[in-house]
Amino acid sequence: MTSGDLTATELEHLERAVALAQQARDRGNHPFGAVLVTPDGIILEGLNTVVTGADPTGHAELNLVRQTGKLDATVLAASVMYASTEPCAMCAGSVYWSGVGRLVYALAAEELTAIVADAAGVPPLRLPAREVLGRGDRMVVVDGPVDLASAKAVHEGFWS
């Protein structure tokens, strides 16, 4: 999927997720960010806090999902999560259980795995988000990867 497949507004939200990934990196965390946009224009943001929060579950998407409890289920079903990188299996599961209706991500997990050195101490769980979400009884639309240079650039030099 190319960035041309998204509307200008969708692309802005995806770029915002990448900007949040940069903020996470700048704060000493892993470079991941996520944005949730509701049909009413409510925007929630999450960034990775694994290091600073001393919590291995402090992924951007999961931090974002923790904020969605205040939203109605019908609103969540019509909402879109934009993620800087394809969510891991844990985060894809949280997208499913939160009730979010659509996921759009930039960098594919395969591309991230190629960037992350084995010595990084973060062994990949090779279970694509599309597969996790495809196993549920509720449909979640998955769009990605979206080819964004910024989504790859935010990881450059971090994992080595």
# chains A, B, ... in the order shown; residues from 1 in each chain; ligands from 1
>>> residues_around(residues="segment 108-110 of chain A", least_positions_apart="2", cutoff="6 Å", atoms="only C-alpha atoms", output="VMD selection string")
chain A and resid 86 112 to 113 145
>>> write_last_selection(atoms="N, CA and C atoms", output="PDB file, in the first residue's frame")
ATOM      1  N   GLU A  86       3.580  -1.945  12.367  1.00  0.00           N
ATOM      2  CA  GLU A  86       2.595  -3.016  12.530  1.00  0.00           C
ATOM      3  C   GLU A  86       2.568  -3.473  13.981  1.00  0.00           C
ATOM      4  N   LEU A 112      10.662  -4.271  10.201  1.00  0.00           N
ATOM      5  CA  LEU A 112      11.237  -3.973  11.509  1.00  0.00           C
ATOM      6  C   LEU A 112      12.202  -5.072  11.924  1.00  0.00           C
ATOM      7  N   THR A 113      11.826  -6.318  11.715  1.00  0.00           N
ATOM      8  CA  THR A 113      12.685  -7.448  12.072  1.00  0.00           C
ATOM      9  C   THR A 113      14.026  -7.351  11.331  1.00  0.00           C
ATOM     10  N   PRO A 145       1.091  -2.747   5.096  1.00  0.00           N
ATOM     11  CA  PRO A 145       1.867  -1.568   5.463  1.00  0.00           C
ATOM     12  C   PRO A 145       1.680  -0.426   4.460  1.00  0.00           C
TER      13      PRO A 145
END
>>> residues_around(residues="segment 61-65 of chain A", least_positions_apart="5", cutoff="6 Å", atoms="only C-alpha atoms", output="list in words")
Ala34, Glu45, Gly46 and Cys91 of chain A
>>> atom_distance(atom1="atom CA of Val154 of chain A", atom2="atom CA of Gln22 of chain A")
6.0 Å
>>> closest_residue(among="A:His30, A:Thr57, A:Met90, A:Ala129", to="Glu156 of chain A", atoms="only C-alpha atoms")
A:His30
>>> residues_around(residues="Gly58 of chain A", least_positions_apart="4", cutoff="9 Å", atoms="only C-alpha atoms", output="mmCIF file with N, CA, C and O atoms, in the first residue's frame")
data_model
loop_
_atom_site.group_PDB
_atom_site.id
_atom_site.type_symbol
_atom_site.label_atom_id
_atom_site.label_comp_id
_atom_site.auth_asym_id
_atom_site.auth_seq_id
_atom_site.Cartn_x
_atom_site.Cartn_y
_atom_site.Cartn_z
ATOM 1 N N LEU A 47 2.162 6.480 23.121
ATOM 2 C CA LEU A 47 3.532 6.216 22.701
ATOM 3 C C LEU A 47 4.138 5.178 23.615
ATOM 4 O O LEU A 47 3.624 4.900 24.692
ATOM 5 N N ASN A 48 5.201 4.594 23.162
ATOM 6 C CA ASN A 48 5.846 3.514 23.892
ATOM 7 C C ASN A 48 6.461 4.037 25.180
ATOM 8 O O ASN A 48 7.097 5.094 25.189
ATOM 9 N N THR A 49 6.262 3.272 26.284
ATOM 10 C CA THR A 49 6.823 3.631 27.588
ATOM 11 C C THR A 49 7.492 2.430 28.255
ATOM 12 O O THR A 49 7.599 2.372 29.478
ATOM 13 N N VAL A 50 7.928 1.465 27.454
ATOM 14 C CA VAL A 50 8.504 0.229 27.982
ATOM 15 C C VAL A 50 9.673 0.510 28.914
ATOM 16 O O VAL A 50 9.749 -0.033 30.018
ATOM 17 N N VAL A 51 10.583 1.382 28.504
ATOM 18 C CA VAL A 51 11.790 1.646 29.303
ATOM 19 C C VAL A 51 11.484 2.565 30.478
ATOM 20 O O VAL A 51 11.756 2.228 31.631
ATOM 21 N N GLY A 53 8.693 3.392 31.813
ATOM 22 C CA GLY A 53 7.664 2.864 32.695
ATOM 23 C C GLY A 53 8.042 1.535 33.320
ATOM 24 O O GLY A 53 7.282 0.996 34.122
ATOM 25 N N ALA A 54 9.205 1.010 32.943
ATOM 26 C CA ALA A 54 9.668 -0.294 33.435
ATOM 27 C C ALA A 54 8.548 -1.333 33.319
ATOM 28 O O ALA A 54 8.251 -2.072 34.238
ATOM 29 N N LEU A 62 -1.032 -0.456 23.082
ATOM 30 C CA LEU A 62 -1.678 -0.878 24.326
ATOM 31 C C LEU A 62 -1.894 0.315 25.253
ATOM 32 O O LEU A 62 -2.948 0.441 25.885
ATOM 33 N N ASN A 63 -0.929 1.234 25.315
ATOM 34 C CA ASN A 63 -1.112 2.460 26.095
ATOM 35 C C ASN A 63 -2.301 3.266 25.558
ATOM 36 O O ASN A 63 -3.051 3.864 26.330
#
>>> select_by_dssp(residues="segment 9-80 of chain A", states="helix (DSSP H, G or I)", output="PDB file with N, CA and C atoms, in the first residue's frame")
ATOM      1  N   THR A   9      -5.897  13.453   5.074  1.00  0.00           N
ATOM      2  CA  THR A   9      -6.141  13.443   6.520  1.00  0.00           C
ATOM      3  C   THR A   9      -5.643  12.149   7.148  1.00  0.00           C
ATOM      4  N   GLU A  10      -5.914  11.015   6.495  1.00  0.00           N
ATOM      5  CA  GLU A  10      -5.424   9.729   7.011  1.00  0.00           C
ATOM      6  C   GLU A  10      -3.903   9.716   7.067  1.00  0.00           C
ATOM      7  N   LEU A  11      -3.290  10.244   6.045  1.00  0.00           N
ATOM      8  CA  LEU A  11      -1.834  10.305   6.004  1.00  0.00           C
ATOM      9  C   LEU A  11      -1.288  11.186   7.127  1.00  0.00           C
ATOM     10  N   GLU A  12      -1.969  12.284   7.422  1.00  0.00           N
ATOM     11  CA  GLU A  12      -1.569  13.152   8.540  1.00  0.00           C
ATOM     12  C   GLU A  12      -1.622  12.386   9.858  1.00  0.00           C
ATOM     13  N   HIS A  13      -2.658  11.596  10.064  1.00  0.00           N
ATOM     14  CA  HIS A  13      -2.780  10.815  11.301  1.00  0.00           C
ATOM     15  C   HIS A  13      -1.661   9.773  11.393  1.00  0.00           C
ATOM     16  N   LEU A  14      -1.346   9.149  10.272  1.00  0.00           N
ATOM     17  CA  LEU A  14      -0.276   8.153  10.271  1.00  0.00           C
ATOM     18  C   LEU A  14       1.071   8.817  10.535  1.00  0.00           C
ATOM     19  N   GLU A  15       1.289   9.968   9.946  1.00  0.00           N
ATOM     20  CA  GLU A  15       2.540  10.718  10.207  1.00  0.00           C
ATOM     21  C   GLU A  15       2.598  11.168  11.665  1.00  0.00           C
ATOM     22  N   ARG A  16       1.456  11.486  12.257  1.00  0.00           N
ATOM     23  CA  ARG A  16       1.424  11.850  13.684  1.00  0.00           C
ATOM     24  C   ARG A  16       1.856  10.661  14.539  1.00  0.00           C
ATOM     25  N   ALA A  17       1.422   9.460  14.157  1.00  0.00           N
ATOM     26  CA  ALA A  17       1.848   8.257  14.885  1.00  0.00           C
ATOM     27  C   ALA A  17       3.367   8.106  14.816  1.00  0.00           C
ATOM     28  N   VAL A  18       3.946   8.402  13.673  1.00  0.00           N
ATOM     29  CA  VAL A  18       5.409   8.339  13.525  1.00  0.00           C
ATOM     30  C   VAL A  18       6.072   9.427  14.377  1.00  0.00           C
ATOM     31  N   ALA A  19       5.477  10.610  14.420  1.00  0.00           N
ATOM     32  CA  ALA A  19       6.012  11.686  15.268  1.00  0.00           C
ATOM     33  C   ALA A  19       5.978  11.275  16.741  1.00  0.00           C
ATOM     34  N   LEU A  20       4.935  10.577  17.148  1.00  0.00           N
ATOM     35  CA  LEU A  20       4.861  10.068  18.523  1.00  0.00           C
ATOM     36  C   LEU A  20       5.938   9.016  18.764  1.00  0.00           C
ATOM     37  N   ALA A  21       6.220   8.215  17.751  1.00  0.00           N
ATOM     38  CA  ALA A  21       7.312   7.238  17.860  1.00  0.00           C
ATOM     39  C   ALA A  21       8.644   7.958  18.093  1.00  0.00           C
ATOM     40  N   GLN A  22       8.834   9.069  17.415  1.00  0.00           N
ATOM     41  CA  GLN A  22      10.055   9.853  17.620  1.00  0.00           C
ATOM     42  C   GLN A  22      10.090  10.425  19.035  1.00  0.00           C
ATOM     43  N   GLN A  23       8.941  10.883  19.538  1.00  0.00           N
ATOM     44  CA  GLN A  23       8.885  11.385  20.918  1.00  0.00           C
ATOM     45  C   GLN A  23       9.244  10.286  21.910  1.00  0.00           C
ATOM     46  N   ALA A  24       8.724   9.082  21.672  1.00  0.00           N
ATOM     47  CA  ALA A  24       9.049   7.952  22.552  1.00  0.00           C
ATOM     48  C   ALA A  24      10.558   7.705  22.528  1.00  0.00           C
ATOM     49  N   ARG A  25      11.123   7.702  21.354  1.00  0.00           N
ATOM     50  CA  ARG A  25      12.572   7.497  21.212  1.00  0.00           C
ATOM     51  C   ARG A  25      13.344   8.589  21.936  1.00  0.00           C
ATOM     52  N   ASP A  26      12.920   9.821  21.763  1.00  0.00           N
ATOM     53  CA  ASP A  26      13.601  10.953  22.404  1.00  0.00           C
ATOM     54  C   ASP A  26      13.565  10.853  23.928  1.00  0.00           C
ATOM     55  N   ALA A  60       2.982   1.310  22.543  1.00  0.00           N
ATOM     56  CA  ALA A  60       2.179   2.476  22.161  1.00  0.00           C
ATOM     57  C   ALA A  60       0.708   2.128  21.970  1.00  0.00           C
ATOM     58  N   GLU A  61       0.445   1.054  21.244  1.00  0.00           N
ATOM     59  CA  GLU A  61      -0.939   0.693  20.949  1.00  0.00           C
ATOM     60  C   GLU A  61      -1.689   0.293  22.218  1.00  0.00           C
ATOM     61  N   LEU A  62      -1.032  -0.456  23.082  1.00  0.00           N
ATOM     62  CA  LEU A  62      -1.678  -0.878  24.326  1.00  0.00           C
ATOM     63  C   LEU A  62      -1.894   0.315  25.253  1.00  0.00           C
ATOM     64  N   ASN A  63      -0.929   1.234  25.315  1.00  0.00           N
ATOM     65  CA  ASN A  63      -1.112   2.460  26.095  1.00  0.00           C
ATOM     66  C   ASN A  63      -2.301   3.266  25.558  1.00  0.00           C
ATOM     67  N   LEU A  64      -2.464   3.266  24.255  1.00  0.00           N
ATOM     68  CA  LEU A  64      -3.584   3.965  23.637  1.00  0.00           C
ATOM     69  C   LEU A  64      -4.906   3.260  23.951  1.00  0.00           C
ATOM     70  N   VAL A  65      -4.933   1.947  23.811  1.00  0.00           N
ATOM     71  CA  VAL A  65      -6.153   1.181  24.093  1.00  0.00           C
ATOM     72  C   VAL A  65      -6.610   1.389  25.528  1.00  0.00           C
ATOM     73  N   THR A  68      -9.210   3.993  25.863  1.00  0.00           N
ATOM     74  CA  THR A  68     -10.464   3.894  25.108  1.00  0.00           C
ATOM     75  C   THR A  68     -11.658   3.485  25.953  1.00  0.00           C
ATOM     76  N   GLY A  69     -11.443   3.101  27.200  1.00  0.00           N
ATOM     77  CA  GLY A  69     -12.544   2.670  28.057  1.00  0.00           C
ATOM     78  C   GLY A  69     -13.611   3.722  28.244  1.00  0.00           C
ATOM     79  N   LYS A  70     -13.271   4.970  28.043  1.00  0.00           N
ATOM     80  CA  LYS A  70     -14.245   6.044  28.214  1.00  0.00           C
ATOM     81  C   LYS A  70     -15.106   6.269  26.965  1.00  0.00           C
ATOM     82  N   ALA A  73     -18.915   1.739  22.736  1.00  0.00           N
ATOM     83  CA  ALA A  73     -18.561   0.639  21.837  1.00  0.00           C
ATOM     84  C   ALA A  73     -18.888   0.957  20.379  1.00  0.00           C
ATOM     85  N   THR A  74     -19.993   1.645  20.121  1.00  0.00           N
ATOM     86  CA  THR A  74     -20.326   1.974  18.732  1.00  0.00           C
ATOM     87  C   THR A  74     -19.359   3.007  18.160  1.00  0.00           C
ATOM     88  N   VAL A  75     -18.882   3.888  19.012  1.00  0.00           N
ATOM     89  CA  VAL A  75     -17.889   4.874  18.582  1.00  0.00           C
ATOM     90  C   VAL A  75     -16.578   4.160  18.253  1.00  0.00           C
ATOM     91  N   LEU A  76     -16.159   3.254  19.108  1.00  0.00           N
ATOM     92  CA  LEU A  76     -14.918   2.517  18.863  1.00  0.00           C
ATOM     93  C   LEU A  76     -14.997   1.695  17.581  1.00  0.00           C
ATOM     94  N   ALA A  77     -16.126   1.083  17.328  1.00  0.00           N
ATOM     95  CA  ALA A  77     -16.290   0.274  16.118  1.00  0.00           C
ATOM     96  C   ALA A  77     -16.121   1.096  14.852  1.00  0.00           C
TER      97      ALA A  77
END
>>> atom_distance(atom1="atom CA of Asp137 of chain A", atom2="atom CA of Tyr105 of chain A")
21.6 Å
>>> select_by_dssp(residues="segment 81-137 of chain A", states="strand (DSSP E or B)", output="PyMOL selection string")
chain A and resi 81-85+102-107
>>> atom_distance(atom1="atom CA of Met1 of chain A", atom2="atom CA of Asp143 of chain A")
7.8 Å
>>> closest_residue(among="A:Arg27, A:Lys152, A:Ala8, A:Met81", to="Ile43 of chain A", atoms="only C-alpha atoms")
A:Met81
>>> closest_residue(among="A:Ala92, A:Gly101, A:Asp72, A:Thr7", to="Val141 of chain A", atoms="only C-alpha atoms")
A:Gly101
>>> closest_residue(among="A:Pro39, A:Gly93, A:Gly28, A:Gly4", to="Ala78 of chain A", atoms="only C-alpha atoms")
A:Pro39
>>> closest_residue(among="A:Leu71, A:Cys88, A:Val116, A:Leu103", to="His155 of chain A", atoms="only C-alpha atoms")
A:Val116
